[in-house]
Amino acid sequence: MKIAIINGPNLNLVGIREPEIYGNRSLADYLQELAQSRSDVEITLFQSNHEGDIIDEIQRVGFSADGIVLNAGAYTHTSIAIADAIRAVTAPVVEVHISDVQSREPFRRISMIKDACVAVIAGHGLRSYNLAIDHILGLKHNG
């Protein structure tokens, strides 16, 4: 089973930026540990601050991966292009957010990508990524 984790803008700063929202732990460290701890899946990691790079990665892995965990960061709220890329590939995509975006600023409550995704997991801290992987595994095992 192959799962790609794709992260968008500013997520490379998790652990440094706004620790009251995102915590003090580095996302890169967490995801490395997660990838090493999940012997049931082959996990690839990608992060970019650039919308086109995220689209390119979705297209690159979207026909070979069994699923994609996508935290598009602020592009969640603005990018029709990322939504179109999700719709164009065959891999199921789970939208992920570390914080509870529904309890934050009003603009964060709007997701341009959610309708293209099979699920949204938000507000569970870094554990949201592990929950998204479990969701994709459940999709594969149930049908």
# chains A, B, ... in the order shown; residues from 1 in each chain; ligands from 1
call {"tool": "residues_around", "arguments": {"residues": "His50 of chain A", "least_positions_apart": "5", "cutoff": "10 Å", "atoms": "only C-alpha atoms", "output": "PyMOL selection string"}}
result
chain A and resi 8-10+55+75
call {"tool": "write_last_selection", "arguments": {"atoms": "N, CA and C atoms", "output": "JSON list (two decimals), in the first residue's frame"}}
result
[["chain", "number", "residue", "atom", "x", "y", "z"],
["A", 8, "GLY", "N", 1.24, 21.77, 1.95],
["A", 8, "GLY", "CA", 1.32, 23.05, 1.27],
["A", 8, "GLY", "C", 2.08, 24.10, 2.04],
["A", 9, "PRO", "N", 1.78, 25.36, 1.73],
["A", 9, "PRO", "CA", 2.57, 26.49, 2.21],
["A", 9, "PRO", "C", 2.59, 26.63, 3.72],
["A", 10, "ASN", "N", 3.76, 26.97, 4.20],
["A", 10, "ASN", "CA", 4.05, 27.30, 5.59],
["A", 10, "ASN", "C", 4.03, 26.10, 6.53],
["A", 55, "ILE", "N", 0.30, 20.86, -7.29],
["A", 55, "ILE", "CA", -0.48, 20.27, -8.38],
["A", 55, "ILE", "C", 0.36, 19.23, -9.12],
["A", 75, "TYR", "N", -3.92, 27.20, 0.64],
["A", 75, "TYR", "CA", -4.51, 26.94, -0.68],
["A", 75, "TYR", "C", -5.84, 26.21, -0.58]]
call {"tool": "closest_atom_pairs", "arguments": {"of": "segment 30-88 of chain A", "to": "segment 92-108 of chain A", "cutoff": "9 Å", "atoms": "only C-alpha atoms", "output": "tab-separated table"}}
result
residue	atom	partner	partner_atom	distance
A:Gly62	CA	A:Pro92	CA	8.2
A:Ala65	CA	A:Pro92	CA	8.8
A:Asp66	CA	A:Pro92	CA	7.2
A:Gly67	CA	A:Pro92	CA	5.0
A:Ile68	CA	A:Val93	CA	4.6
A:Val69	CA	A:Val94	CA	5.0
A:Leu70	CA	A:Glu95	CA	5.0
A:Asn71	CA	A:Val96	CA	4.8
A:Ala72	CA	A:Glu95	CA	7.7
A:Gly73	CA	A:His97	CA	7.6
A:Ala74	CA	A:Arg108	CA	8.0
A:Thr76	CA	A:Arg108	CA	8.2
A:His77	CA	A:Arg108	CA	6.3
A:Ile86	CA	A:Val93	CA	7.0
call {"tool": "atom_distance", "arguments": {"atom1": "atom CA of His124 of chain A", "atom2": "atom CA of Leu11 of chain A"}}
result
15.5 Å
call {"tool": "select_by_dssp", "arguments": {"residues": "segment 88-137 of chain A", "states": "alpha helix (DSSP H)", "output": "PyMOL selection string"}}
result
chain A and resi 88+127-137
call {"tool": "closest_residue", "arguments": {"among": "A:Ser64, A:Arg25, A:Met1, A:Met112", "to": "Ser79 of chain A", "atoms": "only C-alpha atoms"}}
result
A:Met112
call {"tool": "residues_around", "arguments": {"residues": "segment 38-40 of chain A", "least_positions_apart": "5", "cutoff": "10 Å", "atoms": "only C-alpha atoms", "output": "JSON, numbers by chain"}}
result
{"A": [1, 2, 33, 130, 133, 137]}
call {"tool": "atom_distance", "arguments": {"atom1": "atom CA of Pro19 of chain A", "atom2": "atom CA of Leu126 of chain A"}}
result
12.3 Å
call {"tool": "residues_around", "arguments": {"residues": "Ala88 of chain A", "least_positions_apart": "6", "cutoff": "12 Å", "atoms": "only C-alpha atoms", "output": "PyMOL selection string"}}
result
chain A and resi 55-56+58-63+81-82+116-117
call {"tool": "write_last_selection", "arguments": {"atoms": "N, CA, C and O atoms", "output": "mmCIF file, in the first residue's frame"}}
result
data_model
loop_
_atom_site.group_PDB
_atom_site.id
_atom_site.type_symbol
_atom_site.label_atom_id
_atom_site.label_comp_id
_atom_site.auth_asym_id
_atom_site.auth_seq_id
_atom_site.Cartn_x
_atom_site.Cartn_y
_atom_site.Cartn_z
ATOM 1 N N ILE A 55 0.295 20.858 -7.290
ATOM 2 C CA ILE A 55 -0.483 20.271 -8.381
ATOM 3 C C ILE A 55 0.357 19.231 -9.122
ATOM 4 O O ILE A 55 -0.126 18.125 -9.408
ATOM 5 N N ASP A 56 1.603 19.573 -9.420
ATOM 6 C CA ASP A 56 2.485 18.620 -10.097
ATOM 7 C C ASP A 56 2.640 17.338 -9.287
ATOM 8 O O ASP A 56 2.639 16.236 -9.848
ATOM 9 N N ILE A 58 0.515 16.083 -6.986
ATOM 10 C CA ILE A 58 -0.762 15.349 -7.025
ATOM 11 C C ILE A 58 -0.847 14.560 -8.330
ATOM 12 O O ILE A 58 -1.205 13.378 -8.334
ATOM 13 N N GLN A 59 -0.514 15.194 -9.440
ATOM 14 C CA GLN A 59 -0.561 14.515 -10.731
ATOM 15 C C GLN A 59 0.489 13.405 -10.812
ATOM 16 O O GLN A 59 0.232 12.344 -11.387
ATOM 17 N N ARG A 60 1.652 13.625 -10.238
ATOM 18 C CA ARG A 60 2.735 12.633 -10.299
ATOM 19 C C ARG A 60 2.374 11.355 -9.561
ATOM 20 O O ARG A 60 2.603 10.255 -10.055
ATOM 21 N N VAL A 61 1.789 11.485 -8.364
ATOM 22 C CA VAL A 61 1.502 10.302 -7.537
ATOM 23 C C VAL A 61 0.056 9.833 -7.635
ATOM 24 O O VAL A 61 -0.261 8.734 -7.205
ATOM 25 N N GLY A 62 -0.801 10.640 -8.200
ATOM 26 C CA GLY A 62 -2.239 10.392 -8.150
ATOM 27 C C GLY A 62 -2.762 9.221 -8.941
ATOM 28 O O GLY A 62 -3.938 8.860 -8.804
ATOM 29 N N PHE A 63 -1.922 8.617 -9.779
ATOM 30 C CA PHE A 63 -2.343 7.435 -10.526
ATOM 31 C C PHE A 63 -1.635 6.172 -10.051
ATOM 32 O O PHE A 63 -2.008 5.074 -10.450
ATOM 33 N N ALA A 81 -7.620 25.240 -8.738
ATOM 34 C CA ALA A 81 -6.664 24.446 -9.506
ATOM 35 C C ALA A 81 -6.269 23.168 -8.758
ATOM 36 O O ALA A 81 -6.149 22.099 -9.372
ATOM 37 N N ILE A 82 -6.073 23.246 -7.453
ATOM 38 C CA ILE A 82 -5.758 22.037 -6.677
ATOM 39 C C ILE A 82 -6.973 21.115 -6.640
ATOM 40 O O ILE A 82 -6.840 19.901 -6.790
ATOM 41 N N ALA A 116 -13.840 17.631 -3.632
ATOM 42 C CA ALA A 116 -13.044 16.733 -4.470
ATOM 43 C C ALA A 116 -12.407 15.615 -3.650
ATOM 44 O O ALA A 116 -11.887 14.651 -4.218
ATOM 45 N N CYS A 117 -12.460 15.731 -2.333
ATOM 46 C CA CYS A 117 -11.821 14.773 -1.425
ATOM 47 C C CYS A 117 -12.844 13.759 -0.915
ATOM 48 O O CYS A 117 -14.047 14.020 -0.894
#
call {"tool": "residues_around", "arguments": {"residues": "Ile43 of chain A", "least_positions_apart": "4", "cutoff": "7 Å", "atoms": "only C-alpha atoms", "output": "list in words"}}
result
Lys2, Ile3, Ala4 and Ala35 of chain A
call {"tool": "closest_residue", "arguments": {"among": "A:Ala83, A:Leu31, A:Lys114, A:His141", "to": "Ser128 of chain A", "atoms": "only C-alpha atoms"}}
result
A:Leu31
